[in-house]
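Trainee: Have a peek at entry-v4.txt (compact mmCIF, C-alpha atoms).
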# COMPACT_ATOMS: atom_id res chain seq x y z
CA MET A 1207 27.56 -17.10 7.74
CA GLY A 1208 28.36 -13.80 9.18
CA ASP A 1209 31.65 -12.20 10.06
CA VAL A 1210 32.57 -9.17 12.01
CA ALA A 1211 36.11 -7.88 12.23
CA VAL A 1212 36.96 -5.54 15.03
CA GLY A 1213 40.45 -4.14 15.49
CA ALA A 1214 41.75 -2.57 18.65
CA ARG A 1215 44.95 -0.73 19.41
CA SER A 1216 45.94 0.81 22.71
CA GLU A 1217 48.89 2.99 23.65
CA GLN A 1218 49.80 4.16 27.12
CA GLY A 1219 51.28 7.54 27.57
CA GLY A 1220 50.49 11.14 28.17
CA PRO A 1221 52.03 14.23 29.72
CA GLU A 1222 54.91 13.46 32.07
CA GLU A 1223 53.97 13.75 35.74
CA GLU A 1224 55.98 15.67 38.23
CA PRO A 1225 57.38 13.23 40.81
CA VAL A 1226 55.52 13.30 44.07
CA GLY A 1227 57.29 15.55 46.61
CA ALA A 1228 59.30 17.57 44.06
CA ALA A 1229 58.00 20.89 45.42
CA GLY A 1230 58.99 19.95 48.99
CA ALA A 1231 62.45 19.00 47.85
CA THR A 1232 62.95 22.44 46.32
CA GLU A 1233 61.90 24.11 49.52
CA ARG A 1234 64.30 21.93 51.53
CA ALA A 1235 67.10 22.70 49.06
CA ASP A 1236 66.53 26.42 49.52
CA GLY A 1237 66.62 25.96 53.30
CA ALA A 1238 69.79 23.92 53.08
CA GLU A 1239 71.51 26.56 50.99
CA GLN A 1240 70.57 29.15 53.55
CA ALA A 1241 72.03 26.96 56.26
CA GLY A 1242 75.13 26.39 54.20
CA LYS A 1243 74.29 22.69 53.55
CA PRO A 1244 73.80 21.24 50.02
CA GLY A 1245 70.26 20.02 49.22
CA LYS A 1246 69.41 16.92 47.22
CA ALA A 1247 66.15 15.93 45.41
CA LYS A 1248 65.47 12.44 44.16
CA LYS A 1249 63.67 11.86 40.87
CA LYS A 1250 61.75 8.70 40.05
CA ALA A 1251 61.41 7.85 36.39
CA GLY A 1252 57.97 6.57 35.31
CA GLN A 1253 57.96 2.98 34.18
CA GLN A 1254 55.85 1.76 31.20
CA ARG A 1255 54.62 -1.84 30.96
CA PRO A 1256 56.06 -3.70 27.93
CA PHE A 1257 53.69 -4.04 24.97
CA TRP A 1258 53.97 -7.84 24.90
CA LYS A 1259 52.48 -7.95 28.39
CA GLU A 1260 49.48 -5.88 27.28
CA LEU A 1261 48.90 -7.80 24.04
CA PRO A 1262 46.86 -10.68 25.59
CA LEU A 1263 44.55 -8.18 27.29
CA LEU A 1264 44.07 -6.27 24.04
CA ILE A 1265 43.19 -9.48 22.20
CA VAL A 1266 40.63 -10.43 24.84
CA VAL A 1267 39.04 -6.96 24.72
CA ALA A 1268 38.89 -7.07 20.92
CA LEU A 1269 37.23 -10.50 20.94
CA VAL A 1270 34.67 -9.45 23.56
CA LEU A 1271 33.82 -6.32 21.58
CA ALA A 1272 33.49 -8.36 18.39
CA LEU A 1273 31.15 -10.80 20.11
CA LEU A 1274 29.00 -8.03 21.57
CA ILE A 1275 28.80 -6.18 18.26
CA LYS A 1276 27.90 -9.37 16.39
CA THR A 1277 25.25 -10.34 18.94
CA PHE A 1278 23.53 -7.01 19.52
CA LEU A 1279 24.53 -4.38 16.97
CA VAL A 1280 25.83 -5.20 13.49
CA GLN A 1281 26.89 -8.39 11.77
CA ALA A 1282 28.43 -8.90 8.34
CA PHE A 1283 27.08 -11.53 5.96
CA SER A 1284 28.52 -12.88 2.75
CA ILE A 1285 26.25 -13.14 -0.31
CA PRO A 1286 26.41 -16.77 -1.54
CA SER A 1287 24.28 -16.62 -4.72
CA ASP A 1288 23.03 -14.45 -7.59
CA SER A 1289 19.40 -14.23 -6.40
CA MET A 1290 19.67 -10.55 -5.40
CA GLN A 1291 21.47 -9.25 -8.50
CA ASN A 1292 22.12 -6.52 -9.41
CA THR A 1293 21.48 -5.03 -6.00
CA LEU A 1294 23.88 -7.55 -4.47
CA GLN A 1295 26.56 -9.59 -6.19
CA ARG A 1296 27.89 -13.00 -5.21
CA GLY A 1297 30.71 -12.47 -2.70
CA ASP A 1298 29.53 -9.05 -1.47
CA ARG A 1299 29.67 -8.46 2.28
CA VAL A 1300 26.69 -6.61 3.73
CA LEU A 1301 26.30 -5.13 7.19
CA VAL A 1302 23.08 -6.13 8.91
CA ASP A 1303 21.39 -4.00 11.56
CA LYS A 1304 20.54 -6.32 14.46
CA LEU A 1305 19.85 -3.57 17.01
CA THR A 1306 16.53 -2.22 15.72
CA PRO A 1307 14.55 -5.47 16.21
CA TRP A 1308 15.53 -5.40 19.89
CA PHE A 1309 13.28 -2.34 20.22
CA GLY A 1310 10.28 -4.11 18.71
CA ALA A 1311 10.62 -2.82 15.14
CA GLU A 1312 9.46 -5.24 12.46
CA PRO A 1313 10.58 -5.49 8.82
CA GLU A 1314 8.86 -3.17 6.35
CA ARG A 1315 8.10 -3.45 2.64
CA GLY A 1316 11.12 -2.85 0.45
CA GLU A 1317 13.76 -3.68 3.04
CA VAL A 1318 16.48 -6.20 2.24
CA ILE A 1319 16.61 -8.64 5.15
CA VAL A 1320 18.64 -11.62 6.33
CA PHE A 1321 16.59 -14.42 7.87
CA HIS A 1322 17.02 -17.96 9.11
CA ASP A 1323 15.78 -20.72 6.82
CA PRO A 1324 12.06 -21.24 7.63
CA GLY A 1325 12.74 -24.97 7.56
CA THR A 1326 12.88 -26.37 4.04
CA TRP A 1327 14.22 -23.67 1.73
CA LEU A 1328 17.85 -24.82 1.99
CA ARG A 1329 17.29 -28.50 2.70
CA ASP A 1330 19.20 -29.54 -0.43
CA GLU A 1331 22.12 -27.19 0.18
CA PRO A 1332 25.25 -28.91 1.56
CA THR A 1333 26.61 -27.65 4.88
CA PRO A 1334 30.42 -27.71 5.06
CA GLU A 1335 31.99 -28.93 8.30
CA PRO A 1336 34.20 -26.15 9.75
CA ASN A 1337 37.39 -26.89 11.67
CA LEU A 1338 37.97 -25.79 15.25
CA VAL A 1339 39.60 -22.49 14.31
CA GLN A 1340 36.77 -21.62 11.93
CA LYS A 1341 34.21 -22.42 14.62
CA ALA A 1342 35.96 -20.16 17.11
CA LEU A 1343 36.28 -17.27 14.67
CA SER A 1344 32.69 -17.57 13.46
CA PHE A 1345 31.48 -17.65 17.07
CA VAL A 1346 32.87 -14.16 17.71
CA GLY A 1347 31.93 -12.99 14.22
CA LEU A 1348 35.38 -12.73 12.67
CA MET A 1349 34.41 -14.98 9.75
CA PRO A 1350 31.20 -16.32 8.18
CA SER A 1351 29.39 -19.07 10.04
CA ALA A 1352 29.48 -22.31 8.09
CA ASN A 1353 26.71 -24.14 9.93
CA GLU A 1354 24.03 -21.44 9.93
CA LYS A 1355 21.61 -21.49 7.00
CA ASP A 1356 20.53 -17.93 6.36
CA LEU A 1357 19.00 -16.27 3.31
CA ILE A 1358 18.75 -12.70 2.05
CA LYS A 1359 15.74 -11.35 0.12
CA ARG A 1360 13.61 -8.22 -0.26
CA VAL A 1361 10.41 -7.84 1.76
CA ILE A 1362 7.47 -7.41 -0.62
CA GLY A 1363 4.48 -7.92 1.66
CA VAL A 1364 3.85 -7.66 5.41
CA ALA A 1365 0.95 -8.90 7.53
CA GLY A 1366 -2.41 -8.07 5.93
CA ASP A 1367 -1.00 -7.29 2.48
CA THR A 1368 -2.31 -8.91 -0.69
CA VAL A 1369 0.52 -9.63 -3.12
CA GLU A 1370 -0.31 -10.56 -6.70
CA CYS A 1371 1.45 -11.56 -9.91
CA LYS A 1372 -0.28 -12.01 -13.27
CA GLY A 1373 1.51 -12.68 -16.51
CA THR A 1374 4.89 -10.99 -16.54
CA GLY A 1375 3.79 -8.21 -14.20
CA PRO A 1376 3.83 -5.71 -12.78
CA LEU A 1377 3.92 -7.08 -9.26
CA LYS A 1378 1.05 -5.63 -7.19
CA VAL A 1379 0.72 -4.99 -3.47
CA ASN A 1380 -2.80 -4.22 -2.26
CA GLY A 1381 -3.77 -3.54 -5.87
CA LYS A 1382 -0.97 -1.01 -6.41
CA PRO A 1383 1.53 -1.86 -9.19
CA LEU A 1384 5.15 -1.53 -8.15
CA GLN A 1385 7.77 0.26 -10.19
CA GLU A 1386 10.82 -1.90 -9.53
CA PRO A 1387 14.07 -0.45 -10.91
CA TYR A 1388 16.02 -2.89 -8.73
CA VAL A 1389 14.81 -5.94 -10.73
CA PHE A 1390 17.66 -7.59 -12.64
CA PRO A 1391 17.98 -6.19 -16.19
CA GLY A 1392 16.21 -8.45 -18.68
CA ASN A 1393 13.98 -10.02 -16.01
CA THR A 1394 10.24 -9.44 -15.76
CA PRO A 1395 8.72 -8.52 -12.35
CA CYS A 1396 6.61 -11.69 -12.44
CA SER A 1397 7.65 -15.09 -13.74
CA LEU A 1398 5.56 -17.28 -15.98
CA GLY A 1399 4.73 -20.73 -14.67
CA THR A 1400 2.70 -22.17 -11.81
CA GLU A 1401 4.80 -20.75 -8.98
CA GLY A 1402 5.22 -17.36 -10.64
CA GLN A 1403 1.49 -16.70 -10.91
CA PHE A 1404 -0.10 -16.13 -7.52
CA LYS A 1405 -2.33 -14.03 -5.30
CA VAL A 1406 -1.69 -14.36 -1.59
CA THR A 1407 -2.63 -12.54 1.60
CA VAL A 1408 0.16 -12.36 4.16
CA PRO A 1409 -0.85 -13.78 7.58
CA LYS A 1410 -0.08 -12.14 10.91
CA ASP A 1411 3.60 -12.18 11.95
CA ARG A 1412 4.63 -13.35 8.48
CA LEU A 1413 6.44 -11.84 5.46
CA TRP A 1414 6.38 -12.43 1.72
CA VAL A 1415 9.89 -12.09 0.26
CA MET A 1416 11.31 -12.14 -3.26
CA GLY A 1417 14.73 -11.84 -4.84
CA ASP A 1418 15.63 -8.98 -7.18
CA HIS A 1419 16.83 -11.50 -9.79
CA ARG A 1420 13.27 -12.68 -10.36
CA GLN A 1421 14.04 -15.46 -12.80
CA ASN A 1422 16.86 -16.82 -10.62
CA SER A 1423 15.52 -16.68 -7.08
CA ALA A 1424 13.91 -19.56 -5.17
CA ASP A 1425 11.94 -17.23 -2.90
CA SER A 1426 8.44 -17.26 -1.35
CA ARG A 1427 6.88 -18.10 -4.73
CA TYR A 1428 8.57 -21.48 -4.91
CA HIS A 1429 7.68 -22.71 -1.41
CA GLN A 1430 3.91 -22.24 -1.43
CA ASP A 1431 3.30 -26.00 -1.30
CA GLU A 1432 5.58 -26.49 1.70
CA PRO A 1433 4.98 -25.97 5.44
CA GLY A 1434 4.54 -22.24 5.98
CA ASN A 1435 3.22 -21.74 2.42
CA GLY A 1436 6.22 -19.64 1.45
CA PHE A 1437 5.77 -17.06 4.21
CA VAL A 1438 8.72 -16.15 6.45
CA PRO A 1439 8.05 -15.84 10.20
CA VAL A 1440 9.01 -12.40 11.53
CA GLY A 1441 10.81 -14.19 14.36
CA ASN A 1442 13.24 -15.71 11.85
CA VAL A 1443 14.54 -12.31 10.76
CA VAL A 1444 18.14 -11.64 11.81
CA GLY A 1445 18.08 -8.01 10.74
CA ARG A 1446 17.98 -5.53 7.89
CA ALA A 1447 20.88 -5.23 5.46
CA ILE A 1448 21.82 -1.55 5.48
CA VAL A 1449 25.04 -1.24 3.49
CA VAL A 1450 27.32 -3.10 1.09
CA ALA A 1451 30.65 -2.90 2.91
CA TRP A 1452 32.91 -5.03 0.70
CA PRO A 1453 34.43 -4.90 -1.83
CA ILE A 1454 35.22 -1.22 -1.35
CA ASP A 1455 34.46 -0.29 -4.96
CA ARG A 1456 30.88 -1.54 -4.46
CA TRP A 1457 30.24 0.35 -1.23
CA SER A 1458 26.63 1.56 -1.17
CA THR A 1459 23.62 1.88 1.11
CA LEU A 1460 20.45 -0.22 0.76
CA PRO A 1461 17.52 2.20 1.14
CA VAL A 1462 13.83 1.36 0.76
CA PRO A 1463 12.75 2.13 -2.84
CA ASP A 1464 10.23 4.96 -3.28
CA THR A 1465 7.68 2.65 -4.91
CA PHE A 1466 6.82 1.23 -1.48
CA ASP A 1467 5.89 4.71 -0.24
CA GLN A 1468 3.26 5.35 -2.90
CA LYS A 1469 -0.13 6.59 -1.78
CA GLY A 1470 -2.77 3.91 -1.18
CA ILE A 1471 -0.42 0.96 -0.75
CA ASP A 1472 -1.53 0.77 2.90
CA LYS A 1473 -5.18 0.72 1.88
CA ALA A 1474 -5.79 -2.79 3.19
CA ALA A 1475 -4.34 -1.95 6.58
CA ALA A 1476 -6.24 1.34 6.73
CA THR A 1477 -9.60 -0.25 5.97
CA ALA A 1478 -9.16 -2.99 8.58
CA PRO A 1479 -10.18 -0.81 11.57
CA THR A 1480 -13.22 0.40 9.62
CA ALA A 1481 -14.32 -3.15 8.91
CA VAL A 1482 -13.90 -4.12 12.55
CA ALA A 1483 -15.91 -1.09 13.64
CA PHE A 1484 -18.67 -1.97 11.17
CA VAL A 1485 -18.89 -5.55 12.44
CA GLY A 1486 -19.04 -4.31 16.01
CA ALA A 1487 -21.75 -1.76 15.21
CA VAL A 1488 -24.18 -4.24 13.63
CA PRO A 1489 -25.35 -5.80 16.94
CA LEU A 1490 -25.87 -2.33 18.42
CA VAL A 1491 -28.03 -1.25 15.48
CA LEU A 1492 -30.13 -4.43 15.71
CA LEU A 1493 -30.58 -3.99 19.46
CA ARG A 1494 -31.63 -0.39 19.03
CA ARG A 1495 -34.14 -1.38 16.38
CA ARG A 1496 -35.63 -4.10 18.61
CA VAL A 1497 -36.04 -1.62 21.49
CA ALA A 1498 -37.78 0.83 19.16
CA VAL A 1499 -40.20 -1.89 17.98
CA ARG A 1500 -41.08 -2.83 21.57
CA ARG A 1501 -41.75 0.78 22.47
CA ALA A 1502 -44.05 1.13 19.49
CA GLU A 1503 -45.95 -1.98 20.49
CA ARG A 1504 -46.45 -0.71 24.05
CA ARG A 1505 -47.81 2.60 22.79
CA GLY A 1506 -50.20 0.82 20.47
For the file at hand, write its structure as structure tokens.
Mentor:
Amino acid sequence: MGDVAVGARSEQGGPEEEPVGAAGATERADGAEQAGKPGKAKKKAGQQRPFWKELPLLIVVALVLALLIKTFLVQAFSIPSDSMQNTLQRGDRVLVDKLTPWFGAEPERGEVIVFHDPGTWLRDEPTPEPNLVQKALSFVGLMPSANEKDLIKRVIGVAGDTVECKGTGPLKVNGKPLQEPYVFPGNTPCSLGTEGQFKVTVPKDRLWVMGDHRQNSADSRYHQDEPGNGFVPVGNVVGRAIVVAWPIDRWSTLPVPDTFDQKGIDKAAATAPTAVAFVGAVPLVLLRRRVAVRRAERRG
């Protein structure tokens, strides 16, 4: 459900060129005058190809550029629901960065991402059947794709994080409470009910995502009993939403909120190497102790 519109316009023209051989003609004219004979120089007017002949080529170039941009660089997506209010409104068009993941970058906490349905999240949503023209335009990114089931949410936890909700909040990541000004006014950071109360640890290559409209978002919380346990595979991520491009009066960037940069939120990740080192050191300590005991026995 993405669309990319790329316009192209080309005009031929530039400074007029002096006809080839003009200088030689002048010299011959001078010689002819000296000999008493009139000289004559021929001038060829430059011809420009009619625009209607160039139009098919321009259309092809525009479509190829649109396809390349959609595939590798940036794609526009339309917001279909209210689950990300007030950050995103229904009908907004956001531009999604698809280039960064090509260089191995993975989603980070606080980013707004577009991702393919992990398998069951949109199973009850009807999929309209597009006509041939719609299929062609969606293929090159000039209109939203009707047969792709994609979602947009905010990344709350990445691999190794512990995400927790008790009561109405605040939401905690690795024990650190989040200040979430982006949560929909009137909502609480955590929702009451079975799904809204949780404590999970994000597995490797997985993400925990939630909508900003907490009481109106069927996000990771509501898929814990399904395959995948509510976690989104990193490989399903299309890209990060970086800007609201349409409508124009809602143009804005989508930065990572400061609350995800607070000190100590990476505590779990930072202590992991220490724990691994400790586990690896235990056998060495036991071996050293056994050698010391044997030496003592020999001396005795």
Trainee: Provide the CA of Asn1422 (chain A) to CA of Leu1328 (chain A) distance in Å, to one decimal place.
Mentor: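 Straight-line distance from CA of Asn1422 (chain A) to CA of Leu1328 (chain A) works out to 15.0 Å.
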Trainee: Which residue is closest to Lys1304 (chain A)? Choose from A:Asn1442, A:Thr1368, A:Gln1281, A:Ser1287 and count all atoms listed in the file.
Mentor: A:Gln1281
Trainee: Using Å and a single decimal, report how far CA of Asn1393 (chain A) sits from CA of Phe1283 (chain A).
Mentor: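 One can read the CA of Phe1283 (chain A) to CA of Asn1393 (chain A) distance as 25.6 Å.
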Trainee: Which one is closest to Ser1284 (chain A): A:Glu1370, A:Asp1303, A:Asp1356, A:Glu1331? Count only C-alpha atoms.
Mentor: A:Asp1356
Trainee: Rank A:Gly1297, A:Pro1324, A:Thr1400, A:Pro1286 by their smallest atom-to-atom distance to Pro1433 (chain A), using all atoms listed in the file, and report the top residue only.
Mentor: A:Pro1324
Trainee: How close does each residue of region 1405-1453 of chain A get to region 1377-1388 of chain A, giving the shortest atom pair and distance in Å to one decimal for every residue with an atom at most 12 Å away, counting all atoms listed in the file, sorted by chain and residue number, as CSV?
Mentor:
residue,atom,partner,partner_atom,distance
A:Lys1405,CA,A:Lys1378,CA,9.2
A:Val1406,CA,A:Val1379,CA,9.9
A:Thr1407,CA,A:Asn1380,CA,9.2
A:Val1408,CA,A:Val1379,CA,10.6
A:Trp1414,CA,A:Val1379,CA,10.7
A:Met1416,CA,A:Leu1377,CA,10.8
A:Gly1417,CA,A:Tyr1388,CA,9.8
A:Asp1418,CA,A:Tyr1388,CA,6.3
A:His1419,CA,A:Tyr1388,CA,8.7
A:Arg1420,CA,A:Tyr1388,CA,10.3
Trainee: Under the rule that only C-alpha atoms are counted, which of A:Leu1264, A:Leu1279, A:Val1449, A:Val1462 is the nearest residue to Val1300 (chain A)?
Mentor: A:Val1449
Trainee: Between A:Arg1427, A:Lys1410, A:Arg1360, A:Arg1255, which is the closest to Val1389 (chain A) once you count only C-alpha atoms?
Mentor: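 Among A:Arg1427, A:Lys1410, A:Arg1360, A:Arg1255, it is A:Arg1360 that comes nearest to Val1389 (chain A).
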